[in-house]
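Peer 1: Provided below: target_29.cif, containing mmCIF, N, CA and C atoms and all ligand atoms.
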```cif
data_work
loop_
_atom_site.label_atom_id
_atom_site.label_comp_id
_atom_site.auth_asym_id
_atom_site.auth_seq_id
_atom_site.Cartn_x
_atom_site.Cartn_y
_atom_site.Cartn_z
N MET A 23 -8.61 -14.71 -6.29
CA MET A 23 -7.59 -13.76 -5.83
C MET A 23 -8.21 -12.39 -5.51
N GLY A 24 -7.89 -11.40 -6.24
CA GLY A 24 -8.41 -10.08 -5.92
C GLY A 24 -7.43 -9.32 -5.05
N ILE A 25 -7.72 -8.06 -4.82
CA ILE A 25 -6.77 -7.26 -4.05
C ILE A 25 -7.27 -7.07 -2.62
N LYS A 26 -6.29 -6.94 -1.72
CA LYS A 26 -6.61 -6.84 -0.30
C LYS A 26 -6.96 -5.40 0.08
N LEU A 27 -8.09 -5.28 0.76
CA LEU A 27 -8.53 -3.98 1.26
C LEU A 27 -9.05 -4.16 2.68
N THR A 28 -8.63 -3.27 3.55
CA THR A 28 -9.17 -3.26 4.91
C THR A 28 -10.47 -2.48 4.92
N CYS A 29 -11.48 -3.03 5.58
CA CYS A 29 -12.72 -2.25 5.75
C CYS A 29 -12.39 -1.06 6.65
N LEU A 30 -12.64 0.15 6.16
CA LEU A 30 -12.27 1.34 6.93
C LEU A 30 -13.27 1.61 8.06
N ALA A 31 -14.38 0.87 8.07
CA ALA A 31 -15.37 1.02 9.14
C ALA A 31 -15.07 0.08 10.31
N CYS A 32 -14.75 -1.21 10.02
CA CYS A 32 -14.58 -2.17 11.12
C CYS A 32 -13.18 -2.77 11.19
N GLY A 33 -12.35 -2.56 10.16
CA GLY A 33 -10.98 -3.07 10.21
C GLY A 33 -10.80 -4.48 9.67
N GLN A 34 -11.87 -5.10 9.22
CA GLN A 34 -11.79 -6.46 8.67
C GLN A 34 -11.05 -6.45 7.33
N GLY A 35 -10.15 -7.42 7.12
CA GLY A 35 -9.50 -7.56 5.82
C GLY A 35 -10.46 -8.21 4.83
N ASN A 36 -10.52 -7.69 3.61
CA ASN A 36 -11.39 -8.24 2.56
C ASN A 36 -10.58 -8.39 1.28
N ARG A 37 -11.04 -9.27 0.41
CA ARG A 37 -10.45 -9.36 -0.93
C ARG A 37 -11.51 -8.95 -1.95
N VAL A 38 -11.14 -8.07 -2.87
CA VAL A 38 -12.08 -7.58 -3.87
C VAL A 38 -11.48 -7.84 -5.24
N PRO A 39 -12.25 -8.48 -6.14
CA PRO A 39 -11.75 -8.65 -7.51
C PRO A 39 -11.48 -7.27 -8.12
N ARG A 40 -10.30 -7.12 -8.75
CA ARG A 40 -9.91 -5.82 -9.26
C ARG A 40 -10.96 -5.20 -10.19
N GLU A 41 -11.59 -6.07 -11.01
CA GLU A 41 -12.55 -5.53 -11.98
C GLU A 41 -13.87 -5.13 -11.31
N ARG A 42 -13.99 -5.43 -10.02
CA ARG A 42 -15.24 -5.09 -9.33
C ARG A 42 -15.04 -3.99 -8.29
N LEU A 43 -13.92 -3.27 -8.39
CA LEU A 43 -13.64 -2.22 -7.41
C LEU A 43 -14.72 -1.14 -7.41
N ASN A 44 -15.34 -0.91 -8.56
CA ASN A 44 -16.37 0.13 -8.64
C ASN A 44 -17.77 -0.46 -8.64
N ALA A 45 -17.89 -1.71 -8.19
CA ALA A 45 -19.19 -2.39 -8.27
C ALA A 45 -19.91 -2.43 -6.93
N GLY A 46 -19.53 -1.55 -6.00
CA GLY A 46 -20.25 -1.47 -4.73
C GLY A 46 -19.99 -2.63 -3.79
N HIS A 47 -18.77 -3.21 -3.85
CA HIS A 47 -18.43 -4.32 -2.97
C HIS A 47 -18.56 -3.93 -1.50
N LYS A 48 -19.11 -4.84 -0.70
CA LYS A 48 -19.30 -4.53 0.72
C LYS A 48 -18.44 -5.43 1.61
N CYS A 49 -18.11 -4.92 2.78
CA CYS A 49 -17.34 -5.67 3.76
C CYS A 49 -18.12 -6.93 4.16
N GLY A 50 -17.43 -8.08 4.18
CA GLY A 50 -18.07 -9.34 4.54
C GLY A 50 -18.48 -9.39 6.00
N THR A 51 -17.92 -8.53 6.83
CA THR A 51 -18.23 -8.56 8.26
C THR A 51 -19.30 -7.55 8.66
N CYS A 52 -19.13 -6.28 8.24
CA CYS A 52 -20.07 -5.25 8.73
C CYS A 52 -20.97 -4.70 7.65
N GLY A 53 -20.69 -5.03 6.38
CA GLY A 53 -21.58 -4.57 5.31
C GLY A 53 -21.32 -3.16 4.81
N ALA A 54 -20.28 -2.48 5.35
CA ALA A 54 -19.96 -1.13 4.86
C ALA A 54 -19.36 -1.23 3.46
N PRO A 55 -19.64 -0.24 2.60
CA PRO A 55 -19.01 -0.26 1.27
C PRO A 55 -17.49 -0.16 1.40
N LEU A 56 -16.76 -0.95 0.60
CA LEU A 56 -15.29 -0.95 0.71
C LEU A 56 -14.66 0.15 -0.13
N VAL A 57 -15.33 0.51 -1.22
CA VAL A 57 -14.77 1.54 -2.11
C VAL A 57 -15.82 2.62 -2.26
N GLU A 58 -15.51 3.80 -1.76
CA GLU A 58 -16.47 4.89 -1.82
C GLU A 58 -15.91 6.04 -2.65
N ASP A 59 -16.80 6.97 -3.02
CA ASP A 59 -16.35 8.12 -3.81
C ASP A 59 -16.20 9.34 -2.93
N LYS A 60 -16.03 9.10 -1.63
CA LYS A 60 -15.81 10.22 -0.69
C LYS A 60 -14.89 9.77 0.43
N PRO A 61 -14.24 10.75 1.09
CA PRO A 61 -13.35 10.37 2.20
C PRO A 61 -14.13 9.77 3.36
N VAL A 62 -13.48 8.83 4.04
CA VAL A 62 -14.08 8.13 5.16
C VAL A 62 -13.28 8.47 6.42
N ASP A 63 -13.97 8.76 7.51
CA ASP A 63 -13.28 9.01 8.78
C ASP A 63 -12.77 7.69 9.35
N ILE A 64 -11.48 7.68 9.74
CA ILE A 64 -10.95 6.43 10.29
C ILE A 64 -10.26 6.67 11.63
N SER A 65 -10.14 5.58 12.37
CA SER A 65 -9.42 5.59 13.65
C SER A 65 -7.97 5.21 13.38
N ILE A 66 -7.11 5.49 14.35
CA ILE A 66 -5.70 5.17 14.15
C ILE A 66 -5.48 3.66 14.12
N ASP A 67 -6.28 2.88 14.84
CA ASP A 67 -6.12 1.43 14.82
C ASP A 67 -6.44 0.86 13.44
N ILE A 68 -7.48 1.37 12.81
CA ILE A 68 -7.82 0.88 11.48
C ILE A 68 -6.78 1.35 10.47
N LEU A 69 -6.28 2.57 10.65
CA LEU A 69 -5.22 3.04 9.75
C LEU A 69 -3.98 2.14 9.85
N LYS A 70 -3.59 1.77 11.06
CA LYS A 70 -2.40 0.92 11.24
C LYS A 70 -2.55 -0.39 10.47
N LYS A 71 -3.76 -0.93 10.48
CA LYS A 71 -4.00 -2.19 9.79
C LYS A 71 -4.03 -1.96 8.27
N ALA A 72 -4.78 -0.95 7.85
CA ALA A 72 -4.95 -0.68 6.42
C ALA A 72 -3.61 -0.36 5.76
N GLN A 73 -2.76 0.40 6.45
CA GLN A 73 -1.48 0.78 5.83
C GLN A 73 -0.56 -0.42 5.68
N ARG A 74 -0.84 -1.47 6.45
CA ARG A 74 0.00 -2.67 6.37
C ARG A 74 -0.45 -3.58 5.24
N ILE A 75 -1.77 -3.73 5.04
CA ILE A 75 -2.22 -4.76 4.09
C ILE A 75 -2.84 -4.23 2.79
N ASP A 76 -3.30 -2.99 2.76
CA ASP A 76 -4.02 -2.52 1.57
C ASP A 76 -3.16 -2.53 0.32
N GLU A 77 -3.75 -3.02 -0.77
CA GLU A 77 -3.03 -3.06 -2.05
C GLU A 77 -3.48 -1.95 -3.00
N LEU A 78 -4.47 -1.19 -2.57
CA LEU A 78 -4.87 0.00 -3.32
C LEU A 78 -4.32 1.19 -2.53
N PRO A 79 -3.85 2.24 -3.22
CA PRO A 79 -3.33 3.39 -2.46
C PRO A 79 -4.38 3.92 -1.47
N LEU A 80 -3.92 4.21 -0.29
CA LEU A 80 -4.78 4.80 0.74
C LEU A 80 -4.21 6.19 1.04
N ILE A 81 -5.02 7.22 0.76
CA ILE A 81 -4.58 8.60 0.95
C ILE A 81 -5.23 9.12 2.22
N VAL A 82 -4.40 9.48 3.19
CA VAL A 82 -4.93 9.90 4.48
C VAL A 82 -4.68 11.38 4.70
N ASP A 83 -5.74 12.09 5.05
CA ASP A 83 -5.67 13.51 5.38
C ASP A 83 -5.66 13.62 6.90
N PHE A 84 -4.52 14.03 7.46
CA PHE A 84 -4.42 14.27 8.89
C PHE A 84 -4.83 15.72 9.12
N TRP A 85 -5.90 15.91 9.90
CA TRP A 85 -6.50 17.23 10.02
C TRP A 85 -6.95 17.50 11.45
N ALA A 86 -7.45 18.71 11.69
CA ALA A 86 -8.05 19.05 12.97
C ALA A 86 -9.08 20.15 12.74
N SER A 87 -10.09 20.20 13.60
CA SER A 87 -11.20 21.14 13.38
C SER A 87 -10.75 22.59 13.56
N TRP A 88 -9.69 22.83 14.38
CA TRP A 88 -9.24 24.21 14.61
C TRP A 88 -8.37 24.74 13.47
N CYS A 89 -8.04 23.90 12.52
CA CYS A 89 -7.06 24.23 11.47
C CYS A 89 -7.77 24.78 10.24
N GLY A 90 -7.63 26.10 10.02
CA GLY A 90 -8.29 26.75 8.89
C GLY A 90 -7.93 26.15 7.54
N PRO A 91 -6.63 25.99 7.24
CA PRO A 91 -6.26 25.39 5.95
C PRO A 91 -6.82 23.97 5.77
N CYS A 92 -6.98 23.23 6.88
CA CYS A 92 -7.57 21.88 6.80
C CYS A 92 -9.01 21.98 6.30
N ARG A 93 -9.76 22.92 6.91
CA ARG A 93 -11.17 23.08 6.52
C ARG A 93 -11.26 23.56 5.07
N MET A 94 -10.29 24.40 4.67
CA MET A 94 -10.28 24.91 3.30
C MET A 94 -10.02 23.78 2.30
N MET A 95 -9.17 22.85 2.68
CA MET A 95 -8.81 21.77 1.75
C MET A 95 -9.87 20.67 1.70
N ALA A 96 -10.73 20.57 2.72
CA ALA A 96 -11.67 19.45 2.80
C ALA A 96 -12.48 19.22 1.52
N PRO A 97 -13.09 20.28 0.94
CA PRO A 97 -13.85 20.03 -0.30
C PRO A 97 -12.96 19.60 -1.47
N GLU A 98 -11.71 20.06 -1.48
CA GLU A 98 -10.77 19.66 -2.55
C GLU A 98 -10.43 18.17 -2.40
N PHE A 99 -10.24 17.76 -1.16
CA PHE A 99 -9.94 16.36 -0.88
C PHE A 99 -11.11 15.47 -1.31
N SER A 100 -12.34 15.95 -1.03
CA SER A 100 -13.54 15.20 -1.43
C SER A 100 -13.64 15.08 -2.94
N LYS A 101 -13.32 16.17 -3.65
CA LYS A 101 -13.37 16.13 -5.11
C LYS A 101 -12.37 15.13 -5.67
N ALA A 102 -11.18 15.10 -5.07
CA ALA A 102 -10.15 14.15 -5.51
C ALA A 102 -10.61 12.72 -5.25
N ALA A 103 -11.29 12.49 -4.13
CA ALA A 103 -11.78 11.15 -3.79
C ALA A 103 -12.78 10.68 -4.84
N GLN A 104 -13.61 11.61 -5.30
CA GLN A 104 -14.60 11.27 -6.32
C GLN A 104 -13.91 10.96 -7.65
N ALA A 105 -12.92 11.80 -8.00
CA ALA A 105 -12.24 11.64 -9.29
C ALA A 105 -11.45 10.33 -9.35
N LEU A 106 -10.94 9.87 -8.22
CA LEU A 106 -10.05 8.70 -8.22
C LEU A 106 -10.72 7.45 -7.65
N LYS A 107 -12.05 7.46 -7.60
CA LYS A 107 -12.75 6.29 -7.08
C LYS A 107 -12.33 5.02 -7.83
N GLY A 108 -11.99 3.98 -7.09
CA GLY A 108 -11.57 2.73 -7.71
C GLY A 108 -10.07 2.67 -7.97
N HIS A 109 -9.38 3.83 -7.87
CA HIS A 109 -7.93 3.87 -8.05
C HIS A 109 -7.20 4.08 -6.74
N ALA A 110 -7.88 4.77 -5.83
CA ALA A 110 -7.29 5.04 -4.52
C ALA A 110 -8.44 5.25 -3.55
N ARG A 111 -8.19 4.97 -2.27
CA ARG A 111 -9.20 5.28 -1.27
C ARG A 111 -8.72 6.46 -0.43
N PHE A 112 -9.67 7.26 0.01
CA PHE A 112 -9.37 8.49 0.74
C PHE A 112 -9.95 8.41 2.14
N ALA A 113 -9.14 8.78 3.13
CA ALA A 113 -9.59 8.72 4.51
C ALA A 113 -9.12 9.97 5.25
N LYS A 114 -9.83 10.27 6.32
CA LYS A 114 -9.47 11.42 7.15
C LYS A 114 -9.24 10.95 8.58
N LEU A 115 -8.12 11.42 9.15
CA LEU A 115 -7.83 11.08 10.53
C LEU A 115 -7.77 12.37 11.35
N ASP A 116 -8.63 12.45 12.36
CA ASP A 116 -8.73 13.63 13.22
C ASP A 116 -7.60 13.58 14.25
N THR A 117 -6.64 14.49 14.12
CA THR A 117 -5.46 14.44 14.99
C THR A 117 -5.78 14.88 16.42
N GLU A 118 -6.96 15.49 16.62
CA GLU A 118 -7.37 15.81 18.00
C GLU A 118 -7.93 14.57 18.68
N ALA A 119 -8.68 13.77 17.92
CA ALA A 119 -9.25 12.55 18.48
C ALA A 119 -8.15 11.50 18.70
N PHE A 120 -7.09 11.54 17.88
CA PHE A 120 -6.01 10.55 17.96
C PHE A 120 -4.66 11.27 18.05
N PRO A 121 -4.38 11.90 19.21
CA PRO A 121 -3.16 12.71 19.32
C PRO A 121 -1.88 11.90 19.14
N GLU A 122 -1.92 10.58 19.36
CA GLU A 122 -0.71 9.77 19.19
C GLU A 122 -0.26 9.70 17.73
N ALA A 123 -1.11 10.15 16.80
CA ALA A 123 -0.74 10.16 15.38
C ALA A 123 0.46 11.09 15.16
N GLY A 124 0.55 12.17 15.95
CA GLY A 124 1.61 13.15 15.78
C GLY A 124 3.00 12.52 15.82
N GLY A 125 3.27 11.73 16.86
CA GLY A 125 4.57 11.09 16.99
C GLY A 125 4.73 9.93 16.04
N ARG A 126 3.68 9.14 15.91
CA ARG A 126 3.77 7.93 15.10
C ARG A 126 4.06 8.24 13.63
N TYR A 127 3.45 9.32 13.12
CA TYR A 127 3.64 9.65 11.71
C TYR A 127 4.55 10.86 11.50
N GLY A 128 5.18 11.32 12.57
CA GLY A 128 6.12 12.43 12.45
C GLY A 128 5.48 13.68 11.87
N ILE A 129 4.30 14.02 12.38
CA ILE A 129 3.54 15.15 11.84
C ILE A 129 4.12 16.46 12.36
N ARG A 130 4.52 17.35 11.43
CA ARG A 130 5.05 18.66 11.83
C ARG A 130 4.06 19.77 11.56
N GLY A 131 3.12 19.53 10.65
CA GLY A 131 2.11 20.54 10.35
C GLY A 131 0.95 19.88 9.65
N ILE A 132 -0.23 20.50 9.77
CA ILE A 132 -1.41 19.97 9.08
C ILE A 132 -2.05 21.09 8.27
N PRO A 133 -2.82 20.78 7.22
CA PRO A 133 -3.13 19.43 6.79
C PRO A 133 -1.90 18.70 6.24
N LEU A 134 -1.85 17.41 6.56
CA LEU A 134 -0.79 16.55 6.04
C LEU A 134 -1.45 15.40 5.29
N LEU A 135 -1.01 15.17 4.05
CA LEU A 135 -1.49 14.02 3.29
C LEU A 135 -0.38 12.98 3.25
N ILE A 136 -0.72 11.74 3.57
CA ILE A 136 0.24 10.64 3.39
C ILE A 136 -0.43 9.58 2.53
N ALA A 137 0.31 9.09 1.52
CA ALA A 137 -0.17 8.01 0.66
C ALA A 137 0.50 6.72 1.09
N PHE A 138 -0.31 5.70 1.38
CA PHE A 138 0.21 4.39 1.76
C PHE A 138 -0.19 3.37 0.72
N ARG A 139 0.65 2.37 0.51
CA ARG A 139 0.24 1.22 -0.29
C ARG A 139 1.14 0.04 0.01
N GLY A 140 0.51 -1.13 0.20
CA GLY A 140 1.26 -2.38 0.36
C GLY A 140 2.31 -2.31 1.45
N GLY A 141 1.96 -1.66 2.57
CA GLY A 141 2.87 -1.63 3.71
C GLY A 141 3.94 -0.56 3.63
N ARG A 142 3.88 0.29 2.61
CA ARG A 142 4.90 1.35 2.48
C ARG A 142 4.26 2.73 2.42
N GLU A 143 5.02 3.72 2.89
CA GLU A 143 4.60 5.09 2.67
C GLU A 143 5.10 5.51 1.30
N MET A 144 4.17 5.90 0.41
CA MET A 144 4.56 6.24 -0.96
C MET A 144 4.94 7.71 -1.09
N GLY A 145 4.46 8.53 -0.16
CA GLY A 145 4.79 9.94 -0.21
C GLY A 145 3.95 10.72 0.76
N ARG A 146 4.35 11.98 1.00
CA ARG A 146 3.57 12.85 1.87
C ARG A 146 3.67 14.30 1.43
N ARG A 147 2.64 15.07 1.75
CA ARG A 147 2.61 16.50 1.42
C ARG A 147 1.98 17.26 2.57
N THR A 148 2.60 18.36 2.92
CA THR A 148 2.05 19.20 3.99
C THR A 148 1.50 20.48 3.38
N GLY A 149 0.38 20.96 3.91
CA GLY A 149 -0.22 22.21 3.46
C GLY A 149 -1.41 21.95 2.55
N ALA A 150 -2.32 22.94 2.49
CA ALA A 150 -3.54 22.79 1.69
C ALA A 150 -3.20 22.86 0.20
N ILE A 151 -3.72 21.90 -0.57
CA ILE A 151 -3.51 21.90 -2.02
C ILE A 151 -4.85 21.64 -2.71
N SER A 152 -4.89 21.94 -4.01
CA SER A 152 -6.15 21.84 -4.77
C SER A 152 -6.44 20.38 -5.13
N SER A 153 -7.69 20.13 -5.52
CA SER A 153 -8.06 18.76 -5.90
C SER A 153 -7.22 18.29 -7.08
N ARG A 154 -6.90 19.22 -7.97
CA ARG A 154 -6.09 18.85 -9.13
C ARG A 154 -4.67 18.44 -8.70
N ASP A 155 -4.11 19.21 -7.76
CA ASP A 155 -2.78 18.84 -7.26
C ASP A 155 -2.82 17.49 -6.54
N ILE A 156 -3.91 17.26 -5.81
CA ILE A 156 -4.02 15.98 -5.11
C ILE A 156 -4.09 14.83 -6.12
N THR A 157 -4.96 14.96 -7.13
CA THR A 157 -5.10 13.85 -8.09
C THR A 157 -3.81 13.65 -8.88
N ASP A 158 -3.14 14.74 -9.26
CA ASP A 158 -1.87 14.60 -9.99
C ASP A 158 -0.83 13.89 -9.14
N TRP A 159 -0.78 14.29 -7.87
CA TRP A 159 0.21 13.72 -6.94
C TRP A 159 -0.06 12.23 -6.72
N VAL A 160 -1.34 11.88 -6.52
CA VAL A 160 -1.67 10.48 -6.28
C VAL A 160 -1.38 9.65 -7.52
N THR A 161 -1.77 10.17 -8.68
CA THR A 161 -1.58 9.43 -9.92
C THR A 161 -0.10 9.20 -10.20
N ALA A 162 0.71 10.22 -9.95
CA ALA A 162 2.15 10.11 -10.23
C ALA A 162 2.90 9.43 -9.09
N GLY A 163 2.60 9.83 -7.86
CA GLY A 163 3.43 9.40 -6.74
C GLY A 163 2.96 8.15 -6.04
N ALA A 164 1.67 7.91 -6.02
CA ALA A 164 1.17 6.79 -5.24
C ALA A 164 0.87 5.59 -6.12
N GLY A 165 1.11 5.71 -7.42
CA GLY A 165 0.97 4.56 -8.31
C GLY A 165 -0.49 4.16 -8.59
N ALA A 166 -1.41 5.11 -8.46
CA ALA A 166 -2.83 4.78 -8.68
C ALA A 166 -3.10 4.50 -10.16
ZN ZN B 1 -16.40 -3.86 7.82
#
```
What would the structure in this file look like if it were written as structure tokens?
Ligand code: ZN

Peer 2:
Amino acid sequence: MGIKLTCLACGQGNRVPRERLNAGHKCGTCGAPLVEDKPVDISIDILKKAQRIDELPLIVDFWASWCGPCRMMAPEFSKAAQALKGHARFAKLDTEAFPEAGGRYGIRGIPLLIAFRGGREMGRRTGAISSRDITDWVTAGAGA
């Protein structure tokens, strides 16, 4: 069995034994690590797939390079990714590279964090927040 995780590099669905989430499991197709201790840049196509099948919370930071608060929050987001390794995965989606994200996810302002799990949106937060607020929110709201 194991839990379903989409490879955030190539989009391949993988199954990982729960007890091995922190054991450096790699994608069976492209060899990228499936569980990392840092945010991973993703495309909108991979996000669409991951949000549908992933059984571990996926926390997505919708950001843009021109957005000061986004740049300010980036190190906080990275710290949260490290703290919650094996409990949630963290990804970043560049809203300039994928402008269709705005309509699809109803984005009104960035940085925007959305937590997905098992085909559902578990919650969202707009505006820059600290790593502690991110980890508290994920732990309480996203079921990590
Ligand atoms: Zn892969």

Peer 1: Tell me, in Å to one decimal, how far atom N of Arg147 in chain A is from CA of Arg40 in chain A.

Peer 2: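 Atom N of Arg147 in chain A sits 26.7 Å away from CA of Arg40 in chain A.
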
Peer 1: Could you check which of A:Ile151, A:Leu43, A:Met144, A:Ile75 is closest to Phe99 in chain A, using only N, CA and C atoms?

Peer 2: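 Among A:Ile151, A:Leu43, A:Met144, A:Ile75, it is A:Ile151 that comes nearest to Phe99 in chain A.
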
Peer 1: Using only C-alpha atoms and all ligand atoms, which residues have at least one atom no more than 9 Å from ligand ZN 1 (chain B)? Output them as a PDB file with N, CA and C atoms, keeping the file's coordinate frame.

Peer 2:
```
ATOM      1  N   THR A  28      -8.630  -3.270   3.550  1.00  0.00           N
ATOM      2  CA  THR A  28      -9.170  -3.260   4.910  1.00  0.00           C
ATOM      3  C   THR A  28     -10.470  -2.480   4.920  1.00  0.00           C
ATOM      4  N   CYS A  29     -11.480  -3.030   5.580  1.00  0.00           N
ATOM      5  CA  CYS A  29     -12.720  -2.250   5.750  1.00  0.00           C
ATOM      6  C   CYS A  29     -12.390  -1.060   6.650  1.00  0.00           C
ATOM      7  N   LEU A  30     -12.640   0.150   6.160  1.00  0.00           N
ATOM      8  CA  LEU A  30     -12.270   1.340   6.930  1.00  0.00           C
ATOM      9  C   LEU A  30     -13.270   1.610   8.060  1.00  0.00           C
ATOM     10  N   ALA A  31     -14.380   0.870   8.070  1.00  0.00           N
ATOM     11  CA  ALA A  31     -15.370   1.020   9.140  1.00  0.00           C
ATOM     12  C   ALA A  31     -15.070   0.080  10.310  1.00  0.00           C
ATOM     13  N   CYS A  32     -14.750  -1.210  10.020  1.00  0.00           N
ATOM     14  CA  CYS A  32     -14.580  -2.170  11.120  1.00  0.00           C
ATOM     15  C   CYS A  32     -13.180  -2.770  11.190  1.00  0.00           C
ATOM     16  N   GLY A  33     -12.350  -2.560  10.160  1.00  0.00           N
ATOM     17  CA  GLY A  33     -10.980  -3.070  10.210  1.00  0.00           C
ATOM     18  C   GLY A  33     -10.800  -4.480   9.670  1.00  0.00           C
ATOM     19  N   GLN A  34     -11.870  -5.100   9.220  1.00  0.00           N
ATOM     20  CA  GLN A  34     -11.790  -6.460   8.670  1.00  0.00           C
ATOM     21  C   GLN A  34     -11.050  -6.450   7.330  1.00  0.00           C
ATOM     22  N   GLY A  35     -10.150  -7.420   7.120  1.00  0.00           N
ATOM     23  CA  GLY A  35      -9.500  -7.560   5.820  1.00  0.00           C
ATOM     24  C   GLY A  35     -10.460  -8.210   4.830  1.00  0.00           C
ATOM     25  N   ASN A  36     -10.520  -7.690   3.610  1.00  0.00           N
ATOM     26  CA  ASN A  36     -11.390  -8.240   2.560  1.00  0.00           C
ATOM     27  C   ASN A  36     -10.580  -8.390   1.280  1.00  0.00           C
ATOM     28  N   LYS A  48     -19.110  -4.840  -0.700  1.00  0.00           N
ATOM     29  CA  LYS A  48     -19.300  -4.530   0.720  1.00  0.00           C
ATOM     30  C   LYS A  48     -18.440  -5.430   1.610  1.00  0.00           C
ATOM     31  N   CYS A  49     -18.110  -4.920   2.780  1.00  0.00           N
ATOM     32  CA  CYS A  49     -17.340  -5.670   3.760  1.00  0.00           C
ATOM     33  C   CYS A  49     -18.120  -6.930   4.160  1.00  0.00           C
ATOM     34  N   GLY A  50     -17.430  -8.080   4.180  1.00  0.00           N
ATOM     35  CA  GLY A  50     -18.070  -9.340   4.540  1.00  0.00           C
ATOM     36  C   GLY A  50     -18.480  -9.390   6.000  1.00  0.00           C
ATOM     37  N   THR A  51     -17.920  -8.530   6.830  1.00  0.00           N
ATOM     38  CA  THR A  51     -18.230  -8.560   8.260  1.00  0.00           C
ATOM     39  C   THR A  51     -19.300  -7.550   8.660  1.00  0.00           C
ATOM     40  N   CYS A  52     -19.130  -6.280   8.240  1.00  0.00           N
ATOM     41  CA  CYS A  52     -20.070  -5.250   8.730  1.00  0.00           C
ATOM     42  C   CYS A  52     -20.970  -4.700   7.650  1.00  0.00           C
ATOM     43  N   GLY A  53     -20.690  -5.030   6.380  1.00  0.00           N
ATOM     44  CA  GLY A  53     -21.580  -4.570   5.310  1.00  0.00           C
ATOM     45  C   GLY A  53     -21.320  -3.160   4.810  1.00  0.00           C
ATOM     46  N   ALA A  54     -20.280  -2.480   5.350  1.00  0.00           N
ATOM     47  CA  ALA A  54     -19.960  -1.130   4.860  1.00  0.00           C
ATOM     48  C   ALA A  54     -19.360  -1.230   3.460  1.00  0.00           C
ATOM     49  N   PRO A  55     -19.640  -0.240   2.600  1.00  0.00           N
ATOM     50  CA  PRO A  55     -19.010  -0.260   1.270  1.00  0.00           C
ATOM     51  C   PRO A  55     -17.490  -0.160   1.400  1.00  0.00           C
ATOM     52  N   LEU A  56     -16.760  -0.950   0.600  1.00  0.00           N
ATOM     53  CA  LEU A  56     -15.290  -0.950   0.710  1.00  0.00           C
ATOM     54  C   LEU A  56     -14.660   0.150  -0.130  1.00  0.00           C
TER      55      LEU A  56
END
```

Peer 1: One decimal, Å: what's the distance from atom N of Arg111 in chain A over to atom N of Met94 in chain A, could you say?

Peer 2: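 Atom N of Arg111 in chain A sits 20.7 Å away from atom N of Met94 in chain A.
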
Peer 1: Pick out the closest residue to Val62 in chain A from this set: A:Ile81, A:Ala103, A:Val38, A:Ala113. Count all atoms listed in the file.

Peer 2: A:Ala113

Peer 1: Would you mind listing what lies within 6 Å of Lys107 in chain A as a list in words, with all atoms listed in the file counted and same-chain residues fewer than 4 positions away left out?

Peer 2: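 So, after excluding close chain neighbours, the residues are Glu58, Asp59, Ala102 and Ala103 of chain A.
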
Peer 1: Can you pull out the residues contacting Arg74 in chain A? Cut-off 6.5 Å, using all atoms listed in the file, and skip same-chain residues under 3 positions away; I want them as a list in words.

Peer 2: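 Final neighbour list, sorted by chain and number: Leu69, Lys70, Lys71, Gly140, Gly141 and Arg142 of chain A.
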
Peer 1: From a DSSP calculation on the backbone, collect every residue of chain A in alpha helix (DSSP H) and output the set as JSON, numbers by chain.

Peer 2: {"A": [66, 67, 68, 69, 70, 71, 72, 73, 74, 75, 90, 91, 92, 93, 94, 95, 96, 97, 98, 99, 100, 101, 102, 103, 104, 105, 123, 124, 125, 126, 153, 154, 155, 156, 157, 158, 159, 160, 161, 162, 163]}

Peer 1: From the list A:Ile66, A:Leu78, A:Ile25, A:Leu115, which residue is nearest Leu135 in chain A when using only C-alpha atoms?

Peer 2: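 Between A:Ile66, A:Leu78, A:Ile25, A:Leu115, the residue approaching Leu135 in chain A most closely is A:Leu115.
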